[in-house]
Amino acid sequence: MKNFLEKSFNISLIMGAFAVLFVVASLSKPILIFGALGAGFLGFILCCANIVFTQKLNLKAKPAGMMILSLFLNSVPLFYMMVQIMQHSGGK
């Protein structure tokens, strides 16, 4: 289980990086936003699972800054979609 927790956090960081890359790439090809949303969702779930199981099993947690970075990177596609929706709805 400990091996899974270490891998899940690293994978969540990688998924966050992919999510940001897909958001940047979706500026030229809008269909890539679906890849960004998928990568962000998977990374967010893995990061949350890491936090829950680390606390449940009383293991040494990752630094708080790294956890916040992972959660932020995985949330970038949602922030981007919120901005796009607000722009197209007239900002109301």
# chains A, B, ... in the order shown; residues from 1 in each chain; ligands from 1
$ residues_around --residues "Ser26 of chain A" --least-positions-apart "4" --cutoff "12 Å" --atoms "only C-alpha atoms" --output "PDB file with N, CA and C atoms, in the first residue's frame"
ATOM      1  N   PHE A  18       0.321  17.445 -17.255  1.00  0.00           N
ATOM      2  CA  PHE A  18      -0.341  17.161 -18.532  1.00  0.00           C
ATOM      3  C   PHE A  18      -1.603  18.004 -18.692  1.00  0.00           C
ATOM      4  N   ALA A  19      -2.333  18.191 -17.609  1.00  0.00           N
ATOM      5  CA  ALA A  19      -3.555  18.999 -17.677  1.00  0.00           C
ATOM      6  C   ALA A  19      -3.229  20.425 -18.093  1.00  0.00           C
ATOM      7  N   VAL A  20      -2.178  20.991 -17.530  1.00  0.00           N
ATOM      8  CA  VAL A  20      -1.784  22.356 -17.891  1.00  0.00           C
ATOM      9  C   VAL A  20      -1.314  22.406 -19.341  1.00  0.00           C
ATOM     10  N   LEU A  21      -0.543  21.406 -19.757  1.00  0.00           N
ATOM     11  CA  LEU A  21      -0.089  21.371 -21.150  1.00  0.00           C
ATOM     12  C   LEU A  21      -1.255  21.258 -22.126  1.00  0.00           C
ATOM     13  N   PHE A  22      -2.247  20.444 -21.781  1.00  0.00           N
ATOM     14  CA  PHE A  22      -3.416  20.308 -22.640  1.00  0.00           C
ATOM     15  C   PHE A  22      -4.224  21.603 -22.696  1.00  0.00           C
ATOM     16  N   PRO A  30      -9.235  23.394 -29.773  1.00  0.00           N
ATOM     17  CA  PRO A  30     -10.154  23.352 -28.629  1.00  0.00           C
ATOM     18  C   PRO A  30     -10.568  21.951 -28.173  1.00  0.00           C
ATOM     19  N   ILE A  31     -10.477  20.956 -29.033  1.00  0.00           N
ATOM     20  CA  ILE A  31     -10.889  19.604 -28.642  1.00  0.00           C
ATOM     21  C   ILE A  31      -9.989  19.037 -27.540  1.00  0.00           C
ATOM     22  N   LEU A  32      -8.786  19.566 -27.405  1.00  0.00           N
ATOM     23  CA  LEU A  32      -7.851  19.063 -26.391  1.00  0.00           C
ATOM     24  C   LEU A  32      -8.263  19.408 -24.969  1.00  0.00           C
ATOM     25  N   ILE A  33      -9.280  20.264 -24.814  1.00  0.00           N
ATOM     26  CA  ILE A  33      -9.732  20.584 -23.466  1.00  0.00           C
ATOM     27  C   ILE A  33     -10.311  19.345 -22.782  1.00  0.00           C
ATOM     28  N   PHE A  34     -10.839  18.418 -23.566  1.00  0.00           N
ATOM     29  CA  PHE A  34     -11.361  17.185 -22.971  1.00  0.00           C
ATOM     30  C   PHE A  34     -10.236  16.345 -22.367  1.00  0.00           C
ATOM     31  N   GLY A  35      -9.089  16.315 -23.027  1.00  0.00           N
ATOM     32  CA  GLY A  35      -7.925  15.644 -22.458  1.00  0.00           C
ATOM     33  C   GLY A  35      -7.456  16.329 -21.186  1.00  0.00           C
ATOM     34  N   ALA A  36      -7.507  17.655 -21.171  1.00  0.00           N
ATOM     35  CA  ALA A  36      -7.113  18.419 -19.986  1.00  0.00           C
ATOM     36  C   ALA A  36      -8.046  18.124 -18.820  1.00  0.00           C
ATOM     37  N   LEU A  37      -9.341  18.087 -19.099  1.00  0.00           N
ATOM     38  CA  LEU A  37     -10.304  17.791 -18.039  1.00  0.00           C
ATOM     39  C   LEU A  37     -10.130  16.375 -17.498  1.00  0.00           C
ATOM     40  N   PRO A  77      -7.649  23.133 -15.567  1.00  0.00           N
ATOM     41  CA  PRO A  77      -8.664  23.009 -16.631  1.00  0.00           C
ATOM     42  C   PRO A  77     -10.045  23.505 -16.205  1.00  0.00           C
ATOM     43  N   TYR A  80      -9.989  27.281 -16.302  1.00  0.00           N
ATOM     44  CA  TYR A  80     -10.030  27.708 -17.696  1.00  0.00           C
ATOM     45  C   TYR A  80     -11.452  27.606 -18.255  1.00  0.00           C
ATOM     46  N   MET A  81     -12.121  26.504 -17.963  1.00  0.00           N
ATOM     47  CA  MET A  81     -13.488  26.331 -18.452  1.00  0.00           C
ATOM     48  C   MET A  81     -14.428  27.359 -17.827  1.00  0.00           C
ATOM     49  N   GLN A  84     -13.912  30.576 -19.715  1.00  0.00           N
ATOM     50  CA  GLN A  84     -14.511  30.498 -21.045  1.00  0.00           C
ATOM     51  C   GLN A  84     -16.034  30.615 -20.984  1.00  0.00           C
TER      52      GLN A  84
END
$ residues_around --residues "segment 42-48 of chain A" --least-positions-apart "4" --cutoff "9 Å" --atoms "only C-alpha atoms" --output "PyMOL selection string"
chain A and resi 5+8-16+19+37-38+52-53+67+70-75
$ select_by_dssp --residues "chain A" --states "alpha helix (DSSP H)" --output "mmCIF file with N, CA, C and O atoms, in the first residue's frame"
data_model
loop_
_atom_site.group_PDB
_atom_site.id
_atom_site.type_symbol
_atom_site.label_atom_id
_atom_site.label_comp_id
_atom_site.auth_asym_id
_atom_site.auth_seq_id
_atom_site.Cartn_x
_atom_site.Cartn_y
_atom_site.Cartn_z
ATOM 1 N N LYS A 2 1.975 1.208 0.724
ATOM 2 C CA LYS A 2 2.865 2.372 0.788
ATOM 3 C C LYS A 2 3.426 2.693 -0.593
ATOM 4 O O LYS A 2 3.540 3.856 -0.968
ATOM 5 N N ASN A 3 3.763 1.660 -1.354
ATOM 6 C CA ASN A 3 4.276 1.855 -2.707
ATOM 7 C C ASN A 3 3.220 2.519 -3.593
ATOM 8 O O ASN A 3 3.532 3.407 -4.380
ATOM 9 N N PHE A 4 1.967 2.099 -3.449
ATOM 10 C CA PHE A 4 0.881 2.711 -4.205
ATOM 11 C C PHE A 4 0.727 4.184 -3.847
ATOM 12 O O PHE A 4 0.508 5.025 -4.721
ATOM 13 N N LEU A 5 0.842 4.525 -2.560
ATOM 14 C CA LEU A 5 0.683 5.919 -2.141
ATOM 15 C C LEU A 5 1.785 6.800 -2.709
ATOM 16 O O LEU A 5 1.534 7.925 -3.126
ATOM 17 N N GLU A 6 3.016 6.296 -2.734
ATOM 18 C CA GLU A 6 4.115 7.082 -3.301
ATOM 19 C C GLU A 6 3.895 7.285 -4.800
ATOM 20 O O GLU A 6 4.086 8.383 -5.320
ATOM 21 N N LYS A 7 3.477 6.239 -5.485
ATOM 22 C CA LYS A 7 3.253 6.344 -6.920
ATOM 23 C C LYS A 7 2.042 7.219 -7.240
ATOM 24 O O LYS A 7 2.058 7.968 -8.214
ATOM 25 N N SER A 8 0.999 7.134 -6.424
ATOM 26 C CA SER A 8 -0.207 7.911 -6.714
ATOM 27 C C SER A 8 0.063 9.403 -6.617
ATOM 28 O O SER A 8 -0.462 10.187 -7.424
ATOM 29 N N PHE A 9 0.890 9.823 -5.678
ATOM 30 C CA PHE A 9 1.189 11.251 -5.577
ATOM 31 C C PHE A 9 2.021 11.714 -6.761
ATOM 32 O O PHE A 9 1.755 12.772 -7.341
ATOM 33 N N ASN A 10 3.020 10.921 -7.147
ATOM 34 C CA ASN A 10 3.841 11.287 -8.302
ATOM 35 C C ASN A 10 3.007 11.317 -9.587
ATOM 36 O O ASN A 10 3.169 12.208 -10.420
ATOM 37 N N ILE A 11 2.103 10.360 -9.723
ATOM 38 C CA ILE A 11 1.241 10.328 -10.903
ATOM 39 C C ILE A 11 0.301 11.533 -10.905
ATOM 40 O O ILE A 11 0.028 12.116 -11.956
ATOM 41 N N SER A 12 -0.163 11.944 -9.728
ATOM 42 C CA SER A 12 -1.053 13.107 -9.679
ATOM 43 C C SER A 12 -0.321 14.377 -10.102
ATOM 44 O O SER A 12 -0.904 15.236 -10.776
ATOM 45 N N LEU A 13 0.956 14.505 -9.739
ATOM 46 C CA LEU A 13 1.741 15.651 -10.203
ATOM 47 C C LEU A 13 1.933 15.612 -11.718
ATOM 48 O O LEU A 13 1.821 16.636 -12.399
ATOM 49 N N ILE A 14 2.206 14.431 -12.253
ATOM 50 C CA ILE A 14 2.383 14.279 -13.700
ATOM 51 C C ILE A 14 1.075 14.590 -14.428
ATOM 52 O O ILE A 14 1.070 15.280 -15.449
ATOM 53 N N MET A 15 -0.045 14.102 -13.891
ATOM 54 C CA MET A 15 -1.344 14.390 -14.506
ATOM 55 C C MET A 15 -1.640 15.891 -14.466
ATOM 56 O O MET A 15 -2.219 16.448 -15.404
ATOM 57 N N GLY A 16 -1.242 16.561 -13.392
ATOM 58 C CA GLY A 16 -1.421 18.005 -13.310
ATOM 59 C C GLY A 16 -0.621 18.732 -14.370
ATOM 60 O O GLY A 16 -1.107 19.684 -15.000
ATOM 61 N N ALA A 17 0.610 18.276 -14.595
ATOM 62 C CA ALA A 17 1.438 18.888 -15.638
ATOM 63 C C ALA A 17 0.824 18.658 -17.015
ATOM 64 O O ALA A 17 0.785 19.573 -17.852
ATOM 65 N N PHE A 18 0.321 17.445 -17.255
ATOM 66 C CA PHE A 18 -0.341 17.161 -18.532
ATOM 67 C C PHE A 18 -1.603 18.004 -18.692
ATOM 68 O O PHE A 18 -1.907 18.470 -19.792
ATOM 69 N N ALA A 19 -2.333 18.191 -17.609
ATOM 70 C CA ALA A 19 -3.555 18.999 -17.677
ATOM 71 C C ALA A 19 -3.229 20.425 -18.093
ATOM 72 O O ALA A 19 -3.908 20.999 -18.953
ATOM 73 N N VAL A 20 -2.178 20.991 -17.530
ATOM 74 C CA VAL A 20 -1.784 22.356 -17.891
ATOM 75 C C VAL A 20 -1.314 22.406 -19.341
ATOM 76 O O VAL A 20 -1.667 23.327 -20.093
ATOM 77 N N LEU A 21 -0.543 21.406 -19.757
ATOM 78 C CA LEU A 21 -0.089 21.371 -21.150
ATOM 79 C C LEU A 21 -1.255 21.258 -22.126
ATOM 80 O O LEU A 21 -1.264 21.899 -23.173
ATOM 81 N N PHE A 22 -2.247 20.444 -21.781
ATOM 82 C CA PHE A 22 -3.416 20.308 -22.640
ATOM 83 C C PHE A 22 -4.224 21.603 -22.696
ATOM 84 O O PHE A 22 -4.791 21.933 -23.728
ATOM 85 N N VAL A 23 -4.283 22.330 -21.583
ATOM 86 C CA VAL A 23 -4.996 23.615 -21.594
ATOM 87 C C VAL A 23 -4.293 24.584 -22.530
ATOM 88 O O VAL A 23 -4.937 25.271 -23.336
ATOM 89 N N VAL A 24 -2.975 24.636 -22.443
ATOM 90 C CA VAL A 24 -2.220 25.532 -23.326
ATOM 91 C C VAL A 24 -2.399 25.101 -24.785
ATOM 92 O O VAL A 24 -2.593 25.937 -25.670
ATOM 93 N N ALA A 25 -2.361 23.801 -25.038
ATOM 94 C CA ALA A 25 -2.530 23.304 -26.410
ATOM 95 C C ALA A 25 -3.955 23.508 -26.915
ATOM 96 O O ALA A 25 -4.173 23.639 -28.119
ATOM 97 N N ILE A 33 -9.280 20.264 -24.814
ATOM 98 C CA ILE A 33 -9.732 20.584 -23.466
ATOM 99 C C ILE A 33 -10.311 19.345 -22.782
ATOM 100 O O ILE A 33 -10.246 19.216 -21.571
ATOM 101 N N PHE A 34 -10.839 18.418 -23.566
ATOM 102 C CA PHE A 34 -11.361 17.185 -22.971
ATOM 103 C C PHE A 34 -10.236 16.345 -22.367
ATOM 104 O O PHE A 34 -10.401 15.727 -21.320
ATOM 105 N N GLY A 35 -9.089 16.315 -23.027
ATOM 106 C CA GLY A 35 -7.925 15.644 -22.458
ATOM 107 C C GLY A 35 -7.456 16.329 -21.186
ATOM 108 O O GLY A 35 -7.053 15.675 -20.220
ATOM 109 N N ALA A 36 -7.507 17.655 -21.171
ATOM 110 C CA ALA A 36 -7.113 18.419 -19.986
ATOM 111 C C ALA A 36 -8.046 18.124 -18.820
ATOM 112 O O ALA A 36 -7.601 17.923 -17.692
ATOM 113 N N LEU A 37 -9.341 18.087 -19.099
ATOM 114 C CA LEU A 37 -10.304 17.791 -18.039
ATOM 115 C C LEU A 37 -10.130 16.375 -17.498
ATOM 116 O O LEU A 37 -10.205 16.146 -16.292
ATOM 117 N N GLY A 38 -9.877 15.414 -18.391
ATOM 118 C CA GLY A 38 -9.661 14.033 -17.957
ATOM 119 C C GLY A 38 -8.410 13.873 -17.122
ATOM 120 O O GLY A 38 -8.426 13.228 -16.074
ATOM 121 N N ALA A 39 -7.320 14.483 -17.577
ATOM 122 C CA ALA A 39 -6.070 14.393 -16.826
ATOM 123 C C ALA A 39 -6.199 15.089 -15.482
ATOM 124 O O ALA A 39 -5.724 14.586 -14.451
ATOM 125 N N GLY A 40 -6.863 16.233 -15.465
ATOM 126 C CA GLY A 40 -7.058 16.958 -14.207
ATOM 127 C C GLY A 40 -7.920 16.182 -13.230
ATOM 128 O O GLY A 40 -7.634 16.134 -12.034
ATOM 129 N N PHE A 41 -8.979 15.562 -13.727
ATOM 130 C CA PHE A 41 -9.854 14.780 -12.860
ATOM 131 C C PHE A 41 -9.116 13.588 -12.262
ATOM 132 O O PHE A 41 -9.178 13.350 -11.052
ATOM 133 N N LEU A 42 -8.403 12.845 -13.099
ATOM 134 C CA LEU A 42 -7.661 11.686 -12.607
ATOM 135 C C LEU A 42 -6.587 12.102 -11.603
ATOM 136 O O LEU A 42 -6.436 11.477 -10.547
ATOM 137 N N GLY A 43 -5.859 13.161 -11.905
ATOM 138 C CA GLY A 43 -4.835 13.635 -10.987
ATOM 139 C C GLY A 43 -5.411 14.109 -9.668
ATOM 140 O O GLY A 43 -4.843 13.880 -8.601
ATOM 141 N N PHE A 44 -6.553 14.795 -9.721
ATOM 142 C CA PHE A 44 -7.198 15.277 -8.499
ATOM 143 C C PHE A 44 -7.641 14.110 -7.623
ATOM 144 O O PHE A 44 -7.437 14.122 -6.404
ATOM 145 N N ILE A 45 -8.224 13.082 -8.241
ATOM 146 C CA ILE A 45 -8.664 11.898 -7.494
ATOM 147 C C ILE A 45 -7.467 11.196 -6.845
ATOM 148 O O ILE A 45 -7.521 10.798 -5.676
ATOM 149 N N LEU A 46 -6.368 11.042 -7.591
ATOM 150 C CA LEU A 46 -5.185 10.380 -7.040
ATOM 151 C C LEU A 46 -4.578 11.176 -5.888
ATOM 152 O O LEU A 46 -4.145 10.602 -4.893
ATOM 153 N N CYS A 47 -4.542 12.496 -6.011
ATOM 154 C CA CYS A 47 -3.996 13.327 -4.939
ATOM 155 C C CYS A 47 -4.875 13.237 -3.685
ATOM 156 O O CYS A 47 -4.368 13.115 -2.577
ATOM 157 N N CYS A 48 -6.186 13.280 -3.868
ATOM 158 C CA CYS A 48 -7.097 13.166 -2.731
ATOM 159 C C CYS A 48 -6.988 11.790 -2.073
ATOM 160 O O CYS A 48 -7.008 11.680 -0.837
ATOM 161 N N ALA A 49 -6.864 10.753 -2.887
ATOM 162 C CA ALA A 49 -6.686 9.401 -2.334
ATOM 163 C C ALA A 49 -5.391 9.312 -1.536
ATOM 164 O O ALA A 49 -5.359 8.702 -0.465
ATOM 165 N N ASN A 50 -4.349 9.943 -2.039
ATOM 166 C CA ASN A 50 -3.082 9.957 -1.318
ATOM 167 C C ASN A 50 -3.243 10.628 0.036
ATOM 168 O O ASN A 50 -2.761 10.117 1.051
ATOM 169 N N ILE A 51 -3.922 11.766 0.071
ATOM 170 C CA ILE A 51 -4.114 12.486 1.332
ATOM 171 C C ILE A 51 -4.919 11.651 2.323
ATOM 172 O O ILE A 51 -4.547 11.512 3.494
ATOM 173 N N VAL A 52 -6.013 11.057 1.856
ATOM 174 C CA VAL A 52 -6.882 10.279 2.748
ATOM 175 C C VAL A 52 -6.162 9.052 3.292
ATOM 176 O O VAL A 52 -6.159 8.805 4.507
ATOM 177 N N PHE A 53 -5.519 8.268 2.411
ATOM 178 C CA PHE A 53 -4.891 7.039 2.865
ATOM 179 C C PHE A 53 -3.626 7.286 3.677
ATOM 180 O O PHE A 53 -3.279 6.500 4.548
ATOM 181 N N THR A 54 -2.937 8.392 3.420
ATOM 182 C CA THR A 54 -1.773 8.729 4.234
ATOM 183 C C THR A 54 -2.218 9.021 5.663
ATOM 184 O O THR A 54 -1.572 8.592 6.617
ATOM 185 N N GLN A 55 -3.324 9.745 5.811
ATOM 186 C CA GLN A 55 -3.836 10.043 7.153
ATOM 187 C C GLN A 55 -4.402 8.790 7.822
ATOM 188 O O GLN A 55 -4.217 8.585 9.017
ATOM 189 N N LYS A 56 -5.071 7.956 7.044
ATOM 190 C CA LYS A 56 -5.695 6.755 7.600
ATOM 191 C C LYS A 56 -4.652 5.762 8.097
ATOM 192 O O LYS A 56 -4.840 5.124 9.133
ATOM 193 N N ALA A 64 3.278 20.039 2.442
ATOM 194 C CA ALA A 64 2.005 20.682 2.132
ATOM 195 C C ALA A 64 2.087 21.482 0.838
ATOM 196 O O ALA A 64 1.120 21.519 0.065
ATOM 197 N N GLY A 65 3.218 22.105 0.582
ATOM 198 C CA GLY A 65 3.370 22.879 -0.649
ATOM 199 C C GLY A 65 3.240 22.022 -1.891
ATOM 200 O O GLY A 65 2.633 22.440 -2.888
ATOM 201 N N MET A 66 3.779 20.826 -1.852
ATOM 202 C CA MET A 66 3.679 19.920 -2.997
ATOM 203 C C MET A 66 2.241 19.447 -3.199
ATOM 204 O O MET A 66 1.783 19.296 -4.329
ATOM 205 N N MET A 67 1.526 19.199 -2.102
ATOM 206 C CA MET A 67 0.130 18.775 -2.223
ATOM 207 C C MET A 67 -0.728 19.888 -2.809
ATOM 208 O O MET A 67 -1.570 19.646 -3.678
ATOM 209 N N ILE A 68 -0.495 21.122 -2.345
ATOM 210 C CA ILE A 68 -1.260 22.250 -2.867
ATOM 211 C C ILE A 68 -0.928 22.463 -4.339
ATOM 212 O O ILE A 68 -1.822 22.745 -5.153
ATOM 213 N N LEU A 69 0.345 22.311 -4.715
ATOM 214 C CA LEU A 69 0.739 22.436 -6.120
ATOM 215 C C LEU A 69 0.030 21.402 -6.982
ATOM 216 O O LEU A 69 -0.491 21.725 -8.052
ATOM 217 N N SER A 70 -0.020 20.177 -6.508
ATOM 218 C CA SER A 70 -0.682 19.120 -7.268
ATOM 219 C C SER A 70 -2.173 19.420 -7.435
ATOM 220 O O SER A 70 -2.716 19.301 -8.535
ATOM 221 N N LEU A 71 -2.832 19.823 -6.376
ATOM 222 C CA LEU A 71 -4.257 20.132 -6.464
ATOM 223 C C LEU A 71 -4.507 21.335 -7.370
ATOM 224 O O LEU A 71 -5.479 21.360 -8.133
ATOM 225 N N PHE A 72 -3.630 22.336 -7.316
ATOM 226 C CA PHE A 72 -3.795 23.509 -8.178
ATOM 227 C C PHE A 72 -3.611 23.150 -9.651
ATOM 228 O O PHE A 72 -4.414 23.536 -10.493
ATOM 229 N N LEU A 73 -2.539 22.395 -9.955
ATOM 230 C CA LEU A 73 -2.291 22.019 -11.351
ATOM 231 C C LEU A 73 -3.458 21.220 -11.920
ATOM 232 O O LEU A 73 -3.838 21.403 -13.085
ATOM 233 N N ASN A 74 -4.027 20.351 -11.103
ATOM 234 C CA ASN A 74 -5.138 19.533 -11.580
ATOM 235 C C ASN A 74 -6.435 20.332 -11.690
ATOM 236 O O ASN A 74 -7.376 19.887 -12.348
ATOM 237 N N SER A 75 -6.502 21.506 -11.072
ATOM 238 C CA SER A 75 -7.694 22.347 -11.140
ATOM 239 C C SER A 75 -7.643 23.366 -12.268
ATOM 240 O O SER A 75 -8.651 24.006 -12.559
ATOM 241 N N VAL A 76 -6.491 23.540 -12.895
ATOM 242 C CA VAL A 76 -6.342 24.539 -13.961
ATOM 243 C C VAL A 76 -7.368 24.360 -15.079
ATOM 244 O O VAL A 76 -7.961 25.353 -15.526
ATOM 245 N N PRO A 77 -7.649 23.133 -15.567
ATOM 246 C CA PRO A 77 -8.664 23.009 -16.631
ATOM 247 C C PRO A 77 -10.045 23.505 -16.205
ATOM 248 O O PRO A 77 -10.760 24.103 -17.000
ATOM 249 N N LEU A 78 -10.400 23.297 -14.940
ATOM 250 C CA LEU A 78 -11.697 23.783 -14.476
ATOM 251 C C LEU A 78 -11.729 25.304 -14.419
ATOM 252 O O LEU A 78 -12.730 25.927 -14.783
ATOM 253 N N PHE A 79 -10.638 25.917 -13.960
ATOM 254 C CA PHE A 79 -10.562 27.378 -13.945
ATOM 255 C C PHE A 79 -10.667 27.923 -15.369
ATOM 256 O O PHE A 79 -11.368 28.906 -15.620
ATOM 257 N N TYR A 80 -9.989 27.281 -16.302
ATOM 258 C CA TYR A 80 -10.030 27.708 -17.696
ATOM 259 C C TYR A 80 -11.452 27.606 -18.255
ATOM 260 O O TYR A 80 -11.929 28.516 -18.933
ATOM 261 N N MET A 81 -12.121 26.504 -17.963
ATOM 262 C CA MET A 81 -13.488 26.331 -18.452
ATOM 263 C C MET A 81 -14.428 27.359 -17.827
ATOM 264 O O MET A 81 -15.327 27.872 -18.499
ATOM 265 N N MET A 82 -14.233 27.681 -16.552
ATOM 266 C CA MET A 82 -15.074 28.702 -15.921
ATOM 267 C C MET A 82 -14.887 30.054 -16.598
ATOM 268 O O MET A 82 -15.865 30.776 -16.841
ATOM 269 N N VAL A 83 -13.644 30.402 -16.924
ATOM 270 C CA VAL A 83 -13.373 31.667 -17.605
ATOM 271 C C VAL A 83 -14.030 31.677 -18.982
ATOM 272 O O VAL A 83 -14.661 32.671 -19.375
ATOM 273 N N GLN A 84 -13.912 30.576 -19.715
ATOM 274 C CA GLN A 84 -14.511 30.498 -21.045
ATOM 275 C C GLN A 84 -16.034 30.615 -20.984
ATOM 276 O O GLN A 84 -16.643 31.316 -21.794
ATOM 277 N N ILE A 85 -16.635 29.946 -20.037
ATOM 278 C CA ILE A 85 -18.095 29.999 -19.906
ATOM 279 C C ILE A 85 -18.548 31.403 -19.539
ATOM 280 O O ILE A 85 -19.538 31.909 -20.072
ATOM 281 N N MET A 86 -17.814 32.042 -18.620
ATOM 282 C CA MET A 86 -18.184 33.402 -18.228
ATOM 283 C C MET A 86 -18.037 34.374 -19.398
ATOM 284 O O MET A 86 -18.848 35.289 -19.545
ATOM 285 N N GLN A 87 -17.021 34.198 -20.226
ATOM 286 C CA GLN A 87 -16.840 35.075 -21.368
ATOM 287 C C GLN A 87 -17.962 34.915 -22.388
ATOM 288 O O GLN A 87 -18.425 35.882 -22.975
ATOM 289 N N HIS A 88 -18.382 33.676 -22.612
ATOM 290 C CA HIS A 88 -19.400 33.423 -23.626
ATOM 291 C C HIS A 88 -20.812 33.684 -23.124
ATOM 292 O O HIS A 88 -21.736 33.819 -23.919
#
